[in-house]
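Colleague: This is the structure I have questions about; it appears just below.
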Amino acid sequence: MVHRNGNYAAGVRLSAALAALMALPLFTPALAGPTEQAARLYGRITGVPPSATVQAQLSADIAQGNAGAIAAAQLAMQNPNFYNVTLRNFAAPMTNKAQSQFVPLNDYTALIIGMIRDNVPFNTVLSADLLYVGNTAGAPAYSPANNNHYQYLDDNGVDLSQALQPATQSGLLGLPTAATAGVMTTAAGSGAFFFKGTNRAMVRFTMINYMCNDLPQIMDITRPPDRIRQDPTRSPGGDSRIFLNSCIGCHSGMDALAGAFAYYDFNVATNQMVYTPSQVQGKYAINTANFPVGYVTVDDSWKNYWRSGSNQVMGWSSALPGTGNGAKAFGQEMAGSQQFATCQVQKVFQAMCLRPPSTAADQAQVTQITADFVAANYNMKTAFAESAVYCMGQ
Amino acid sequence: MKRFNAAPYCLALIAAVLLSACSGGASVTANPNLQANVSAQVYSGPAPATADVQAFETNLWVNISPANRCGNCHKAGGQVPQFARADDINLAYAAALTVVNLSQPETSIMVAKVAGGHNCWLASAQACADILTTWISNWAGGNSASTGGTQIQLVAPPLQTVGQTKVYPVDPTLFSQTVYPVVTQWCSRCHSESAASPQSPYFASANLEEAYLAAQPKMDLNTPTNSRFYQRLAIDSHNCWGSPVSCPNSAATMLAAIQAFANGVQPTAVDPTLIVSGALGLTQGIVASGGGRYDAHDIAKWMFKETPGTSTAFDTSGVDPGMDLTLAGDAQLISGWGITFGPAGGRAQASTSTSAKLLNMIGVSGQYSIELWMNPANVTQTKAEIASYSGGDTTRNFTVTQNAFEFAAYGRSSGTDLNGAPPLNTAANPMLIQSALQHVVVTYDPTNGRKVYVNGVFTGDTDTITGGALNNWDSSFAFLLGNETSGDRPWQGTLRFAAIHDVALTQQQVQQNFAAGVGAVYDLLFDISSLINVPQSYILFSASQYDSYSYLFARPTFINLNPNYVPSGSLPIQGIRIGINGAEAAVDQAFIPLSVNVNSTDYNATTGQLLSPLGTVILLENGAANDQFFLTFGTIGTLTRAYPDPAPPTPTPVITAAPSDVGVRVFDEINATMAAQTGVSPGLSAVNTVYQSLQQQLPSVYDISSVSAAAQIGISQLAMQYCQALVNDPVLGPSFFPGMNFSAAPGAAFGTTAGMDQIITPLYNNLIGRNLATQPPDVVPTNDPVRQELYNLITGLSTGSSTTPVVTMAACTAVLGSATMLVK
């Protein structure tokens, strides 16, 4: 603080100098050479500028052409800041309803960082029996009832690129393997999206975070409403037109999918997820008098009504039936779609290019990167590398 | 048993067979004087022979026997049947049996005659019919605590075929020439995939075919005014346009476009490829509701069956005087039996004199119940008075109020103040009120005080004010719905039913009335005999008008009216769709996934075979009197009709101009970058403390245009901490600024350009860049704006009382906190 240093005049001059420096025109020539490309590539991937040595090495690689540039990107991804900064920022907003980046490290974020680091096929992010915990001396043991373990890693600036070790949810959370579903059944994921409510939040935020579409973009009033539960009123305020023209568009598809989470809840008192196999949670039977002839949830079966209608364009997998039981199968249904792959690439593209895909060239590039991402067995580093190279400047 | 209340007002009733008795000759019988004010007859004949005769006397005869009612004609020696005769109650009973239906009182000949307008004493024949139904129901025992329902006798409906209708042409050309230009001009900023914030459905898409598919559920070619496109503008004032903006003009433009579209489409017979059942209107169904209520002690009742647009809601309790409610302000009777109170504030109020009935009768019983079927417009309104018997904001006998999700029940007694306070608030059950149809009962008795039941369940809220007497009630108050008498506490929503009882209903009675439901429910038998080649085969639906805008169809059941029928083998039924006015409803087809096999195991000769326990809501088009329904099937028996899912058009990628090629580092990238560039550990306490406090002040998104002044201040503060740690560190400082003598006075250290370069050059090398074309050039010593700015800064600071480390920190901060670090 300027005032703490006891020199007000210095503070005034410093402020003036800062303002002057901030006002300087940016030096962004239309054409940049390998050196500038290396600096941007590295900065986008790691969030920090490269050392002189690294910059020279990357520059040399980039000068070799596209393959060299990809190699340079892969090299940049070895920097710890790719995991500690870039990937953490990539994952953190997906772990909470407010979509805030300013949340403590948690098992959801760590799982994504670990999967990308270890080249785990990312299409298992919604179904894997996987966790990542810190192999750090002094850290509290992982607990499904608190975040102390990850808070310790956070508070002590532990390098996640080195410390994270894979573990299983079935082992640490005590879930049956069949009930594990990647990020959805982490402590943080369940705490965010099984917290109170009706478990529809897990569907909505899965669509936002992994299908890049919120409900207003997905709603389709032509889908059958037979799985809409009893609690949504069919006549809001005495006007059923609202239901027939709006509510049904989301609930018909969403409620049919949310059956997958019928056995899950988050116990506020114990601060941890609850899983009751074969027993539907009470939150699925609230406000039943609102529409007594609505759907009564009897098990954890789900249907994907969005396989038909306007949401066919999501490219659902023909290898999957579109129906199933439980969160794991739901996660596989989502991750098996073309839209899942496209969405991951779109998110990576935005992280590396600092903008969404915009131009026709951008769209074509996203299509190409998506194909490469899938061909590389959903290796997220492929998406990061190709996106960073595409946006490293010319 | 309902007690007879001596009628102070004139009533008259001519029963069912009067017309036939008077017809066939030249003589004319004068109508009774409906305005005459007479008392009930005094009976002095033989005692009732049975308990049922006694029930007839006390519930029906005593109400219809006065001379200004049936007693004027249907008396002893008068017209037959002489059910109002006063000489022998047993003979009157026998005569009455010929014109009533005790199992379904509302279907009685006597009721039907009055409902047809025959000498009704009120402005509403329906209200007279309802009152008469109440009297017959009371005789029949409908007022008992029994919860048993009556068995509905299913009768085959008339065989009708589906009428003509307009269907959407496959070719979107006509749409493109009529409605499409309007929606693309005025709706595409949201309802297209290329919008900044796309809002489905994309009926204004640049892709015509996609827009056409999305627009079809929003239009009604048979009744264009029912089109959602039109109603959103005309009723909801949804994003109207024009200069000045005019919703009426916008709505007219849209309606004209839809009308033009509709005019270009010729009515056609129902799609011949569909597998279609017989057709029915709602009222061609069999009445399946109306019984089962506990009405023994209702002293005022409103069913809101009156014609929409009229201004009186009649008290149909049959207990005089009738507390007929006069509508005022934003209150209107609606189709499907109900009254709606709108946002402008309205009320339905009884006169003070008729309202005194409540005081007179409840004052005797010392207990009461207020029963409502209500659907609040929202759950945010507070101090919204749903039902009140009061004189203003501060004086009342009782009031039921909505406070967001909670009820507040005010009730004056000797234990409360004159405002009925403190109220009983339903805090024990959060979010009790839903913006949905709910059955609500507030009871009061001296032992328990006030209790609230919602959907048949006691809320659990216990009244602390008990033992109060009601002898301080005020007879000058008026009863009203939807507001306070002062008009400043409006409630928004719809009431489908209201009643006042002069007892505190028990939990069982509340549940009985909740189970009885509200509104008219019909059993609709859709003929499928010809589809499966089995006579008398039907799909039975329980159907009702759900609100002013829709119908509810529930619990489809296969049934054959031949009591000896037994399914042979397995009859597959799949994919039921409900049709209305010649076309399948576009939305809310809950029975599409249905797939059931009718078989002898699951089929019951009396109840049939339930196909689904679900219900679905179908949009009303021309009103319950005109809409015609039918069913279609994906599969029934050996018939199958495919419903291929049309492939949606491939969405057009949203192409926009390339935005900025650069962005800014976000909060933790800034922290990591400053740490990397200065060599100071981010875990250093002084630095980390500042970072944690500033974290959310720093940029959180990459967009360079989002960087605020507050963010830049935060960056500067963090840079200062890093530079302070750097300069003060005995290892990092000398290493970063090789050869710099920090103990020298500023004047000595920075007296020359070379001296200043001792810190500026390291700052350039470590913080700005290494000859990157994307960073400011380092052209020593002239024409370099960065270096020149730093010279000025250092020179200015060196003339004061600063020390060399402080000047160094300032120069370091100026560079580290600048765009050279921030932009990436």
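Following the order of the structure tokens, first chain is A, next is B, and so on, with residues numbered from 1 inside each chain and ligands from 1 in the order they appear.
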Please tabulate, as JSON lines, the residues of chain B that come within 7 Å of chain A, each with its closest pair of atoms and the distance in Å to one decimal, counting only C-alpha atoms and ordering rows by chain, then residue number upward.
Modeller:
{"residue": "B:Pro198", "atom": "CA", "partner": "A:Gln217", "partner_atom": "CA", "distance": 6.4}
{"residue": "B:Gln199", "atom": "CA", "partner": "A:Pro216", "partner_atom": "CA", "distance": 5.6}
{"residue": "B:Ser200", "atom": "CA", "partner": "A:Gln217", "partner_atom": "CA", "distance": 5.2}
{"residue": "B:Asn375", "atom": "CA", "partner": "A:Gly237", "partner_atom": "CA", "distance": 5.6}
{"residue": "B:Pro376", "atom": "CA", "partner": "A:Gly237", "partner_atom": "CA", "distance": 5.1}
{"residue": "B:Ala377", "atom": "CA", "partner": "A:Gly237", "partner_atom": "CA", "distance": 3.6}
{"residue": "B:Asn378", "atom": "CA", "partner": "A:Gly237", "partner_atom": "CA", "distance": 6.1}
{"residue": "B:Ser435", "atom": "CA", "partner": "A:Gly237", "partner_atom": "CA", "distance": 5.2}
{"residue": "B:Ala436", "atom": "CA", "partner": "A:Thr233", "partner_atom": "CA", "distance": 5.3}
{"residue": "B:Leu437", "atom": "CA", "partner": "A:Asn290", "partner_atom": "CA", "distance": 6.5}
{"residue": "B:Asn455", "atom": "CA", "partner": "A:Ala289", "partner_atom": "CA", "distance": 6.8}
{"residue": "B:Gly493", "atom": "CA", "partner": "A:Gly237", "partner_atom": "CA", "distance": 5.9}
{"residue": "B:Thr494", "atom": "CA", "partner": "A:Gly238", "partner_atom": "CA", "distance": 6.0}
{"residue": "B:Asp547", "atom": "CA", "partner": "A:Gly238", "partner_atom": "CA", "distance": 6.3}
{"residue": "B:Tyr549", "atom": "CA", "partner": "A:Ser240", "partner_atom": "CA", "distance": 6.1}
{"residue": "B:Ser550", "atom": "CA", "partner": "A:Ser240", "partner_atom": "CA", "distance": 6.4}
{"residue": "B:Ala586", "atom": "CA", "partner": "A:Thr222", "partner_atom": "CA", "distance": 6.7}
{"residue": "B:Val587", "atom": "CA", "partner": "A:Thr222", "partner_atom": "CA", "distance": 5.4}
{"residue": "B:Asp588", "atom": "CA", "partner": "A:Pro225", "partner_atom": "CA", "distance": 5.7}
{"residue": "B:Gln589", "atom": "CA", "partner": "A:Pro224", "partner_atom": "CA", "distance": 5.5}
{"residue": "B:Ala590", "atom": "CA", "partner": "A:Asp226", "partner_atom": "CA", "distance": 4.5}
{"residue": "B:Phe591", "atom": "CA", "partner": "A:Asp226", "partner_atom": "CA", "distance": 6.8}
{"residue": "B:Ile592", "atom": "CA", "partner": "A:Pro224", "partner_atom": "CA", "distance": 6.5}
{"residue": "B:Pro613", "atom": "CA", "partner": "A:Val293", "partner_atom": "CA", "distance": 6.5}
{"residue": "B:Leu614", "atom": "CA", "partner": "A:Val293", "partner_atom": "CA", "distance": 4.7}
{"residue": "B:Gly615", "atom": "CA", "partner": "A:Val293", "partner_atom": "CA", "distance": 4.9}
{"residue": "B:Asp645", "atom": "CA", "partner": "A:Ser308", "partner_atom": "CA", "distance": 6.6}
{"residue": "B:Pro648", "atom": "CA", "partner": "A:Ser310", "partner_atom": "CA", "distance": 5.6}
{"residue": "B:Thr650", "atom": "CA", "partner": "A:Val313", "partner_atom": "CA", "distance": 7.0}
{"residue": "B:Ile655", "atom": "CA", "partner": "A:Thr359", "partner_atom": "CA", "distance": 5.1}
{"residue": "B:Thr656", "atom": "CA", "partner": "A:Ser358", "partner_atom": "CA", "distance": 5.2}
{"residue": "B:Ala657", "atom": "CA", "partner": "A:Thr359", "partner_atom": "CA", "distance": 6.0}
{"residue": "B:Ala658", "atom": "CA", "partner": "A:Thr359", "partner_atom": "CA", "distance": 5.8}
{"residue": "B:Val662", "atom": "CA", "partner": "A:Leu354", "partner_atom": "CA", "distance": 6.9}
{"residue": "B:Gly663", "atom": "CA", "partner": "A:Leu354", "partner_atom": "CA", "distance": 5.9}
{"residue": "B:Arg665", "atom": "CA", "partner": "A:Gly47", "partner_atom": "CA", "distance": 6.8}
{"residue": "B:Asp668", "atom": "CA", "partner": "A:Val85", "partner_atom": "CA", "distance": 6.4}
{"residue": "B:Glu669", "atom": "CA", "partner": "A:Gly47", "partner_atom": "CA", "distance": 5.0}
{"residue": "B:Ala672", "atom": "CA", "partner": "A:Val48", "partner_atom": "CA", "distance": 6.4}
{"residue": "B:Thr673", "atom": "CA", "partner": "A:Val48", "partner_atom": "CA", "distance": 4.7}
{"residue": "B:Gly683", "atom": "CA", "partner": "A:Gly157", "partner_atom": "CA", "distance": 6.5}
{"residue": "B:Tyr702", "atom": "CA", "partner": "A:Leu354", "partner_atom": "CA", "distance": 5.7}
{"residue": "B:Gln717", "atom": "CA", "partner": "A:Met1", "partner_atom": "CA", "distance": 5.9}
{"residue": "B:Met720", "atom": "CA", "partner": "A:Met1", "partner_atom": "CA", "distance": 6.5}
{"residue": "B:Leu772", "atom": "CA", "partner": "A:Glu36", "partner_atom": "CA", "distance": 5.9}
{"residue": "B:Ala773", "atom": "CA", "partner": "A:Glu36", "partner_atom": "CA", "distance": 6.7}
{"residue": "B:Thr774", "atom": "CA", "partner": "A:Phe27", "partner_atom": "CA", "distance": 4.6}
{"residue": "B:Gln775", "atom": "CA", "partner": "A:Phe27", "partner_atom": "CA", "distance": 5.4}
{"residue": "B:Pro776", "atom": "CA", "partner": "A:Phe27", "partner_atom": "CA", "distance": 6.2}
{"residue": "B:Val786", "atom": "CA", "partner": "A:Leu21", "partner_atom": "CA", "distance": 6.7}
{"residue": "B:Glu789", "atom": "CA", "partner": "A:Ala17", "partner_atom": "CA", "distance": 6.6}
{"residue": "B:Leu793", "atom": "CA", "partner": "A:Arg13", "partner_atom": "CA", "distance": 6.3}
{"residue": "B:Leu797", "atom": "CA", "partner": "A:Ala10", "partner_atom": "CA", "distance": 5.8}
{"residue": "B:Ser802", "atom": "CA", "partner": "A:Asn7", "partner_atom": "CA", "distance": 6.9}
{"residue": "B:Ala810", "atom": "CA", "partner": "A:Leu14", "partner_atom": "CA", "distance": 5.9}
{"residue": "B:Ala814", "atom": "CA", "partner": "A:Leu18", "partner_atom": "CA", "distance": 4.8}
{"residue": "B:Ser818", "atom": "CA", "partner": "A:Met22", "partner_atom": "CA", "distance": 5.3}
{"residue": "B:Ala819", "atom": "CA", "partner": "A:Met22", "partner_atom": "CA", "distance": 5.2}
{"residue": "B:Lys824", "atom": "CA", "partner": "A:Gly43", "partner_atom": "CA", "distance": 6.3}
Colleague: How would you write, as a ChimeraX atom specification, the set of residues in stretch 67-186 of chain B that DSSP gives as helix (DSSP H, G or I)?
Modeller: /B:70-72,89-96,105-107,109-115,125-140,173-177,179-186
Colleague: Atoms to include: C-alpha atoms. Write the selected residues as a CSV table (one decimal), in the first residue's frame.
Modeller:
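Result written to out-v9.csv:
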chain,number,residue,atom,x,y,z
B,70,CYS,CA,-93.7,-25.3,-5.4
B,71,GLY,CA,-96.5,-25.1,-2.8
B,72,ASN,CA,-98.5,-22.8,-5.0
B,89,ILE,CA,-95.8,-35.6,4.2
B,90,ASN,CA,-95.7,-39.3,3.3
B,91,LEU,CA,-97.7,-38.7,0.2
B,92,ALA,CA,-95.5,-35.7,-0.7
B,93,TYR,CA,-92.5,-37.9,-0.2
B,94,ALA,CA,-93.9,-40.5,-2.6
B,95,ALA,CA,-94.5,-37.8,-5.2
B,96,ALA,CA,-91.1,-36.3,-4.8
B,105,PRO,CA,-79.0,-35.3,-7.1
B,106,GLU,CA,-77.7,-33.0,-9.8
B,107,THR,CA,-79.3,-35.2,-12.5
B,109,ILE,CA,-85.6,-34.0,-13.2
B,110,MET,CA,-86.5,-31.3,-10.7
B,111,VAL,CA,-83.0,-29.8,-11.0
B,112,ALA,CA,-82.9,-30.1,-14.8
B,113,LYS,CA,-86.2,-28.2,-15.0
B,114,VAL,CA,-85.0,-25.3,-12.9
B,115,ALA,CA,-81.6,-25.2,-14.6
B,125,ALA,CA,-80.8,-20.5,-13.3
B,126,GLN,CA,-77.6,-22.4,-12.6
B,127,ALA,CA,-77.6,-21.0,-9.1
B,128,CYS,CA,-81.2,-22.0,-8.5
B,129,ALA,CA,-80.4,-25.5,-9.8
B,130,ASP,CA,-77.4,-25.7,-7.4
B,131,ILE,CA,-79.4,-24.7,-4.5
B,132,LEU,CA,-82.1,-27.3,-5.3
B,133,THR,CA,-79.3,-29.8,-5.7
B,134,THR,CA,-78.1,-29.0,-2.3
B,135,TRP,CA,-81.5,-29.5,-0.7
B,136,ILE,CA,-81.9,-32.9,-2.5
B,137,SER,CA,-78.3,-33.9,-1.5
B,138,ASN,CA,-79.0,-33.1,2.1
B,139,TRP,CA,-82.1,-35.3,1.9
B,140,ALA,CA,-80.1,-38.0,0.3
B,173,THR,CA,-44.4,-21.0,-48.5
B,174,LEU,CA,-47.7,-19.6,-47.2
B,175,PHE,CA,-46.1,-19.2,-43.8
B,176,SER,CA,-43.2,-17.4,-45.3
B,177,GLN,CA,-45.5,-14.9,-47.0
B,179,VAL,CA,-46.5,-14.7,-40.4
B,180,TYR,CA,-42.8,-15.3,-41.0
B,181,PRO,CA,-42.0,-11.7,-42.1
B,182,VAL,CA,-43.6,-10.4,-38.9
B,183,VAL,CA,-41.7,-12.7,-36.5
B,184,THR,CA,-38.4,-12.3,-38.3
B,185,GLN,CA,-38.7,-8.6,-38.1
B,186,TRP,CA,-39.8,-8.3,-34.5
Colleague: Just the residues within 10 Å of A:Ile116, please, counting only C-alpha atoms, with nothing from its chain fewer than 4 positions along; format it as a list in words.
Modeller: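 My reading of the contact set: Tyr83, Leu87, Ala110, Leu111, Ile112, Val120, Pro121, Phe122, Tyr378, Asn379, Met380, Lys381 and Thr382 of chain A.
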Colleague: Would you write out those residues with C-alpha atoms, as a PDB file, in the first residue's frame?
Modeller:
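Final output, saved to part02.pdb:
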ATOM      1  CA  TYR A  83      -2.676 -27.315 -13.698  1.00  0.00           C
ATOM      2  CA  LEU A  87      -7.111 -25.898 -15.410  1.00  0.00           C
ATOM      3  CA  ALA A 110      -9.103 -31.857  -8.506  1.00  0.00           C
ATOM      4  CA  LEU A 111     -10.789 -34.645 -10.452  1.00  0.00           C
ATOM      5  CA  ILE A 112     -10.829 -32.609 -13.645  1.00  0.00           C
ATOM      6  CA  VAL A 120      -7.876 -40.033 -18.715  1.00  0.00           C
ATOM      7  CA  PRO A 121     -10.512 -40.146 -21.464  1.00  0.00           C
ATOM      8  CA  PHE A 122     -12.615 -37.145 -20.646  1.00  0.00           C
ATOM      9  CA  TYR A 378     -11.109 -37.713 -25.545  1.00  0.00           C
ATOM     10  CA  ASN A 379      -7.676 -36.477 -24.520  1.00  0.00           C
ATOM     11  CA  MET A 380      -8.215 -32.935 -23.326  1.00  0.00           C
ATOM     12  CA  LYS A 381      -4.584 -31.997 -23.882  1.00  0.00           C
ATOM     13  CA  THR A 382      -5.210 -32.451 -27.572  1.00  0.00           C
TER      14      THR A 382
END
Colleague: Within 6 Å of stretch 306-321 of chain B, counting only C-alpha atoms, which residues qualify if same-chain residues fewer than 3 places away don't, as an MDAnalysis selection string?
Modeller: chainID B and resid 7 127 130:131 299:302 324:327 333:335 354
Colleague: Keeping C-alpha atoms for every residue in the selection just given, could you write it to a file as a PDB file, in the first residue's frame?
Modeller:
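Generated file (result_19.pdb):
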ATOM      1  CA  ALA B   7     -86.530 -17.693   4.700  1.00  0.00           C
ATOM      2  CA  ALA B 127     -77.569 -20.969  -9.070  1.00  0.00           C
ATOM      3  CA  ASP B 130     -77.369 -25.730  -7.444  1.00  0.00           C
ATOM      4  CA  ILE B 131     -79.450 -24.691  -4.451  1.00  0.00           C
ATOM      5  CA  ILE B 299     -74.144 -21.735   5.600  1.00  0.00           C
ATOM      6  CA  ALA B 300     -72.744 -19.987   2.549  1.00  0.00           C
ATOM      7  CA  LYS B 301     -71.274 -21.512  -0.596  1.00  0.00           C
ATOM      8  CA  TRP B 302     -70.050 -20.137  -3.878  1.00  0.00           C
ATOM      9  CA  ASP B 324     -74.670 -13.154  -3.292  1.00  0.00           C
ATOM     10  CA  LEU B 325     -71.379 -11.466  -4.120  1.00  0.00           C
ATOM     11  CA  THR B 326     -71.212  -8.424  -6.322  1.00  0.00           C
ATOM     12  CA  LEU B 327     -68.062  -8.167  -8.404  1.00  0.00           C
ATOM     13  CA  LEU B 333     -66.075 -14.864 -13.390  1.00  0.00           C
ATOM     14  CA  ILE B 334     -64.301 -17.285 -15.689  1.00  0.00           C
ATOM     15  CA  SER B 335     -65.216 -20.339 -17.642  1.00  0.00           C
ATOM     16  CA  THR B 354     -76.829 -10.756   4.043  1.00  0.00           C
TER      17      THR B 354
END
Colleague: Find the spatial neighbours of B:Leu594, counting only C-alpha atoms, within a cut-off of 7 Å - ignore same-chain residues fewer than 3 positions away - and output them as a list in words.
Modeller: Gln574, Gly575, Ile576 and Phe591 of chain B
Colleague: For the selection you just gave me, I'd like the residues written to a file as an mmCIF file, in the first residue's frame, keeping N, CA and C atoms.
Modeller:
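What ended up in result-v2.cif:
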data_model
loop_
_atom_site.group_PDB
_atom_site.id
_atom_site.type_symbol
_atom_site.label_atom_id
_atom_site.label_comp_id
_atom_site.auth_asym_id
_atom_site.auth_seq_id
_atom_site.Cartn_x
_atom_site.Cartn_y
_atom_site.Cartn_z
ATOM 1 N N GLN B 574 -51.058 -48.617 -27.934
ATOM 2 C CA GLN B 574 -49.832 -47.818 -27.794
ATOM 3 C C GLN B 574 -50.047 -46.426 -28.372
ATOM 4 N N GLY B 575 -49.338 -45.499 -27.784
ATOM 5 C CA GLY B 575 -49.255 -44.159 -28.355
ATOM 6 C C GLY B 575 -50.577 -43.458 -28.503
ATOM 7 N N ILE B 576 -51.281 -43.261 -27.380
ATOM 8 C CA ILE B 576 -52.548 -42.526 -27.449
ATOM 9 C C ILE B 576 -52.260 -41.031 -27.508
ATOM 10 N N PHE B 591 -49.611 -39.381 -23.190
ATOM 11 C CA PHE B 591 -49.853 -40.806 -23.393
ATOM 12 C C PHE B 591 -49.197 -41.332 -24.671
#
Colleague: Just the residues within 10 Å of stretch 164-178 of chain A, please, counting only C-alpha atoms, with nothing from its chain fewer than 2 positions along; format it as a ChimeraX atom specification.
Modeller: /A:110-111,113-115,117-118,127-136,141-145,153,158-162,180-182,185-187,272-277,326-329
Colleague: For a test of reading the model, state the distance in Å between atom CA of B:Thr443 and atom CA of B:Ala331, rounded to one decimal.
Modeller: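 Taking atom CA of B:Thr443 as the start and atom CA of B:Ala331 as the end point, the length is 26.2 Å.
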Colleague: Give me the residues within 12 Å of B:His238 as a VMD selection string, counting only C-alpha atoms and dropping any in the same chain fewer than 2 places off.
Modeller: chain B and resid 186 to 187 228 to 236 240 to 241 245 to 248 250 to 251
Colleague: How many Å separate atom CA of B:Leu255 from atom CA of B:Glu584?
Modeller: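 Atom CA of B:Glu584 lies 22.7 Å from atom CA of B:Leu255.
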Colleague: So what do you get for atom CA of B:Tyr538 versus atom CA of B:Asp523, distance-wise?
Modeller: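 Computing the Euclidean distance for atom CA of B:Tyr538 and atom CA of B:Asp523 yields 11.2 Å.
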